[in-house]
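Next comes protein.txt, with compact mmCIF, C-alpha atoms.
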```txt
# COMPACT_ATOMS: atom_id res chain seq x y z
CA MET A 220 -12.53 -44.53 -11.02
CA ASN A 221 -9.34 -42.70 -10.06
CA SER A 222 -9.42 -42.07 -6.34
CA LYS A 223 -7.06 -39.12 -6.79
CA SER A 224 -9.38 -37.19 -9.12
CA ILE A 225 -10.33 -33.70 -7.99
CA SER A 226 -13.89 -33.35 -6.88
CA PRO A 227 -16.11 -30.55 -8.26
CA GLU A 228 -16.25 -29.06 -4.80
CA LEU A 229 -12.44 -28.79 -4.73
CA TYR A 230 -12.47 -27.13 -8.15
CA ILE A 231 -14.88 -24.53 -6.81
CA ASP A 232 -12.66 -23.96 -3.78
CA ILE A 233 -9.57 -23.48 -5.99
CA ILE A 234 -11.38 -21.02 -8.25
CA THR A 235 -12.72 -19.14 -5.23
CA ILE A 236 -9.31 -18.93 -3.56
CA TRP A 237 -7.19 -18.10 -6.61
CA GLY A 238 -9.48 -17.20 -9.47
CA LEU A 239 -11.36 -14.31 -7.90
CA PRO A 240 -8.25 -12.44 -6.62
CA LEU A 241 -6.59 -12.94 -10.01
CA LEU A 242 -9.67 -11.57 -11.76
CA LEU A 243 -9.69 -8.55 -9.46
CA VAL A 244 -6.01 -7.90 -10.24
CA ILE A 245 -6.72 -8.06 -13.98
CA VAL A 246 -9.71 -5.73 -13.69
CA ALA A 247 -7.70 -3.28 -11.57
CA PHE A 248 -4.88 -3.33 -14.14
CA LEU A 249 -7.28 -2.66 -17.01
CA LEU A 250 -8.87 0.22 -15.11
CA GLN A 251 -5.44 1.72 -14.39
CA TRP A 252 -4.06 1.09 -17.89
CA PRO A 253 -4.84 4.62 -19.21
CA VAL A 254 -2.90 6.09 -16.26
CA ILE A 255 -0.05 3.61 -16.70
CA LYS A 256 0.07 4.31 -20.43
CA HIS A 257 0.12 8.08 -19.79
CA ASN A 258 2.93 7.75 -17.24
CA LEU A 259 5.00 5.61 -19.63
CA SER A 260 4.48 8.17 -22.39
CA GLU A 261 5.55 10.99 -20.05
CA PHE A 262 8.64 9.02 -19.04
CA ARG A 263 9.66 8.57 -22.68
CA LEU A 264 9.06 12.27 -23.38
CA ILE A 265 11.23 13.41 -20.48
CA ARG A 266 13.94 10.88 -21.31
CA THR A 267 14.10 12.06 -24.93
CA ILE A 268 14.35 15.72 -23.94
CA LYS A 269 17.04 15.04 -21.36
CA LYS A 270 19.06 13.20 -24.01
CA PHE A 271 18.96 16.30 -26.23
CA GLY A 272 21.87 17.88 -24.36
CA LYS A 273 24.88 16.80 -22.39
CA GLU A 274 23.28 18.50 -19.39
CA THR A 275 19.74 19.76 -18.85
CA MET A 276 17.78 21.87 -16.38
CA HIS A 277 14.03 21.62 -15.88
CA ASP A 278 11.34 23.83 -14.33
CA VAL A 279 13.53 26.75 -13.37
CA MET A 280 13.16 30.51 -13.03
CA LEU A 281 15.66 32.94 -14.56
CA PRO A 282 15.94 36.72 -14.32
CA ASP A 283 14.46 38.42 -17.36
CA SER A 284 15.62 41.66 -18.92
CA LEU A 285 12.81 43.66 -17.25
CA GLY A 286 13.72 43.18 -13.61
CA GLY A 287 11.43 40.22 -13.12
CA SER A 288 11.67 36.46 -13.66
CA THR A 289 10.75 34.10 -16.46
CA TYR A 290 9.80 30.43 -16.30
CA ILE A 291 11.91 28.01 -18.34
CA ASP A 292 10.59 24.56 -19.13
CA TYR A 293 13.90 22.98 -20.21
CA LEU A 294 17.43 24.23 -20.80
CA ALA A 295 19.87 21.97 -22.65
CA LEU A 296 23.63 22.29 -23.03
CA THR A 297 24.92 21.12 -26.41
CA SER A 298 28.29 21.40 -28.09
CA ASN A 299 27.32 24.48 -30.14
CA ALA A 300 24.55 26.23 -28.17
CA ILE A 301 22.45 26.56 -25.07
CA VAL A 302 18.95 25.54 -26.13
CA VAL A 303 15.64 26.63 -24.59
CA LEU A 304 13.02 23.90 -24.93
CA TYR A 305 9.28 24.05 -24.33
CA LEU A 306 7.14 20.93 -24.40
CA LYS A 307 3.54 21.35 -25.58
CA ARG A 308 1.12 18.48 -25.08
CA TYR A 309 -1.54 19.68 -27.51
CA GLN A 310 -3.50 17.00 -29.31
CA GLY A 311 -5.19 17.14 -32.71
CA VAL A 312 -4.61 19.49 -35.62
CA ILE A 313 -2.55 22.63 -35.03
CA PHE A 314 -2.60 25.71 -37.27
CA ALA A 315 0.45 27.83 -36.56
CA GLY A 316 2.44 30.70 -38.03
CA GLU A 317 5.63 32.49 -37.09
CA LYS A 318 3.99 35.91 -36.69
CA ILE A 319 0.44 34.85 -35.76
CA GLU A 320 -0.54 36.02 -32.27
CA GLN A 321 -2.90 33.10 -31.56
CA TRP A 322 -2.46 29.55 -32.80
CA THR A 323 -5.43 27.23 -33.26
CA GLN A 324 -5.97 23.68 -32.09
CA VAL A 325 -8.75 21.58 -33.66
CA ILE A 326 -9.83 18.48 -31.79
CA ASN A 327 -13.11 16.57 -31.86
CA ASN A 328 -14.56 19.13 -34.30
CA HIS A 329 -13.93 21.97 -31.83
CA SER A 330 -11.32 24.69 -32.17
CA TYR A 331 -9.37 26.34 -29.39
CA ARG A 332 -6.91 29.22 -29.47
CA PHE A 333 -3.71 29.48 -27.49
CA PRO A 334 -0.85 32.03 -27.42
CA ASN A 335 1.92 31.70 -29.97
CA PRO A 336 4.67 29.97 -27.90
CA LEU A 337 7.40 31.37 -30.16
CA GLN A 338 6.86 34.81 -28.65
CA LYS A 339 7.80 33.60 -25.17
CA LEU A 340 10.64 31.57 -26.63
CA GLU A 341 12.08 34.72 -28.20
CA THR A 342 11.72 36.61 -24.92
CA ASP A 343 13.49 33.86 -22.99
CA ILE A 344 16.34 33.71 -25.46
CA MET A 345 16.81 37.45 -24.99
CA ALA A 346 16.80 36.97 -21.18
CA ILE A 347 19.53 34.33 -21.43
CA ASN A 348 21.57 36.48 -23.81
CA ASN A 349 21.31 39.22 -21.22
CA LEU A 350 22.92 36.94 -18.63
CA VAL A 351 25.56 35.27 -20.80
CA LYS A 352 27.09 37.41 -23.54
CA ASN A 353 28.45 36.25 -26.89
CA ILE A 354 26.91 32.78 -26.58
CA ASN A 355 24.81 31.01 -29.18
CA VAL A 356 21.34 30.54 -27.68
CA GLU A 357 18.67 28.69 -29.63
CA GLY A 358 15.11 27.63 -28.93
CA LYS A 359 12.66 24.90 -29.89
CA VAL A 360 9.00 24.28 -29.13
CA ILE A 361 8.34 20.55 -28.97
CA PHE A 362 4.96 19.05 -29.79
CA THR A 363 3.99 15.46 -29.04
CA LYS A 364 3.04 12.71 -31.46
CA GLU A 365 -0.65 13.45 -30.84
CA SER A 366 -0.41 16.72 -32.79
CA GLU A 367 -0.13 17.40 -36.52
CA PHE A 368 0.45 20.49 -38.64
CA PRO A 369 -1.39 20.07 -41.98
CA LYS A 370 -0.55 23.62 -43.13
CA GLY A 371 3.09 23.48 -42.11
CA ARG A 372 4.87 24.72 -39.00
CA PRO A 373 7.49 27.31 -38.11
CA GLU A 374 11.15 26.32 -38.20
CA SER A 375 11.48 26.48 -34.41
CA VAL A 376 8.68 23.92 -33.91
CA ILE A 377 9.72 20.27 -33.77
CA LEU A 378 7.88 17.02 -33.13
CA ILE A 379 9.09 14.72 -30.35
CA SER A 380 9.31 11.89 -32.91
CA GLU A 381 11.84 13.93 -34.89
CA MET A 382 13.92 14.43 -31.76
CA GLU A 383 13.83 10.70 -31.04
CA ASN A 384 15.02 9.90 -34.58
CA ASN A 385 17.84 12.45 -34.57
CA LEU A 386 19.32 12.20 -31.09
CA LYS A 387 23.10 12.29 -31.01
CA ASN A 388 25.44 10.89 -28.40
CA TYR A 389 25.70 14.21 -26.57
CA SER A 390 27.43 12.60 -23.59
CA ALA A 391 30.47 11.94 -25.81
CA GLU A 392 30.69 15.49 -27.20
CA GLU A 393 33.17 18.03 -25.95
CA ILE A 394 31.62 21.26 -24.69
CA PRO A 395 33.68 24.39 -25.53
CA PRO A 396 35.00 26.19 -22.43
CA LEU A 397 33.02 29.33 -23.25
CA LEU A 398 29.76 27.37 -23.26
CA GLN A 399 30.73 25.56 -20.06
CA THR A 400 31.32 28.90 -18.34
CA ALA A 401 28.01 30.28 -19.62
CA TRP A 402 26.16 27.17 -18.43
CA LYS A 403 27.63 27.50 -14.93
CA ARG A 404 26.64 31.15 -14.86
CA LEU A 405 23.08 30.21 -15.78
CA GLN A 406 23.03 27.57 -13.06
CA GLU A 407 24.04 30.24 -10.56
CA HIS A 408 21.10 32.43 -11.62
CA THR A 409 18.43 29.73 -11.78
CA GLU A 410 15.97 28.95 -9.03
CA PRO A 411 13.71 25.90 -8.90
CA CYS A 412 10.02 26.59 -9.37
CA SER A 413 7.94 26.27 -6.25
CA LYS A 414 5.27 23.59 -5.99
CA GLU A 415 2.67 26.34 -5.72
CA PHE A 416 3.84 27.92 -8.98
CA LEU A 417 3.76 24.61 -10.85
CA GLN A 418 0.36 23.78 -9.42
CA ASN A 419 -0.96 27.15 -10.53
CA MET A 420 0.31 26.48 -14.04
CA ARG A 421 -1.46 23.13 -14.08
CA GLU A 422 -4.68 24.80 -13.02
CA THR A 423 -4.44 27.27 -15.90
CA THR A 424 -3.75 24.51 -18.42
CA THR A 425 -6.21 23.99 -21.22
CA VAL A 426 -8.01 20.69 -20.71
CA THR A 427 -7.98 19.70 -24.35
CA GLY A 428 -4.41 20.58 -25.13
CA HIS A 429 -2.62 19.56 -21.97
CA GLY A 430 -0.19 22.36 -22.78
CA TRP A 431 1.23 24.51 -20.02
CA LEU A 432 0.56 28.18 -20.53
CA ALA A 433 3.90 29.97 -20.44
CA THR A 434 3.91 32.82 -17.95
CA ILE A 435 6.37 35.65 -17.42
CA LEU A 436 6.45 37.00 -13.90
CA THR A 437 7.14 40.67 -13.38
```

Here is a file; write its structure as structure tokens.
Amino acid sequence: MNSKSISPELYIDIITIWGLPLLLVIVAFLLQWPVIKHNLSEFRLIRTIKKFGKETMHDVMLPDSLGGSTYIDYLALTSNAIVVLYLKRYQGVIFAGEKIEQWTQVINNHSYRFPNPLQKLETDIMAINNLVKNINVEGKVIFTKESEFPKGRPESVILISEMENNLKNYSAEEIPPLLQTAWKRLQEHTEPCSKEFLQNMRETTTVTGHGWLATILT
């Protein structure tokens, strides 16, 4: 019999010392995986949006045309326009129309209504045009991969997967001087959103859609 063989008692000691902590680490990882997966997905979303323009701004307030302020999710500077971007995290089936006041989300055999985001998008484009004249300002509402539009979607609505597949090398593009000046003017008029404001928006978020309700402050 090999005198150097490991006794059963030593096996038990090894498993107790190393096996149990390893098992706890694996269990903890599996329990946290949904959170980790969500955070990775959010990271990819933000990275894709930030790549949409040569420069971007996020979570800012701008003066509107009514003497108040308006919340902007993302602003992107591209070679031919300043683009207003709103990210909507609605899951399931979405029924939408350009002129429809309320859009509908269907998930788990339940339907939920939410305001047409294109209306706020149009208002924000007007606010930016009021600050920077003679500049091309465009807007897009971005939906995540968890949403689908079986009846079609308005032209200003885009899926994040489409953005990922059509990203250009914006960092190599030349920005016309007029757009550069307009972008700097916007930066001078923007203010970061307070933590209280962002928290309030999270509290008014629909649970099923995970979409932030756009709010205009007056």

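Neighbouring residues of Glu381 in chain A at 12 Å or closer, counting all atoms listed in the file and skipping chain neighbours under 2 positions away, are Leu264, Thr267, Ile268, Phe271, Ile361, Phe362, Thr363, Lys364, Val376, Ile377, Leu378, Ile379, Glu383, Asn384, Asn385 and Leu386 of chain A.
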
Please provide as a ChimeraX atom specification all residues within 12 Å of Ser330 in chain A, with the sequence filter that same-chain residues fewer than 3 positions apart are discarded (counting only C-alpha atoms). /A:309-314,321-327,333,427-428

Counting only C-alpha atoms, which of A:Leu337, A:Met382, A:Leu242, A:Val351 gets nearest to Lys269 in chain A? A:Met382

Can you pull out every residue within 9 Å of range 403-405 of chain A, counting all atoms listed in the file, but drop anything in the same chain fewer than 6 positions away, and send it as a PyMOL selection string? chain A and resi 281+347+350-351

Provide the CA of Gln338 in chain A to CA of Glu320 in chain A distance in Å, to one decimal place. 8.3 Å

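Checking A:Leu296, A:Val356, A:Met276, A:Ile291 one by one against Glu392 in chain A, counting only C-alpha atoms, you find the shortest gap at A:Leu296.
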
Which residues come within 10 Å of Thr297 in chain A, counting only C-alpha atoms, excluding same-chain residues fewer than 4 positions away, as a VMD selection string? chain A and resid 271 to 275 301 to 302 389 to 390 392 to 395 398 to 399

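Using only C-alpha atoms, the nearest neighbour of Ile344 in chain A within the list A:Glu365, A:Val246, A:Thr289, A:Lys318 is A:Thr289.
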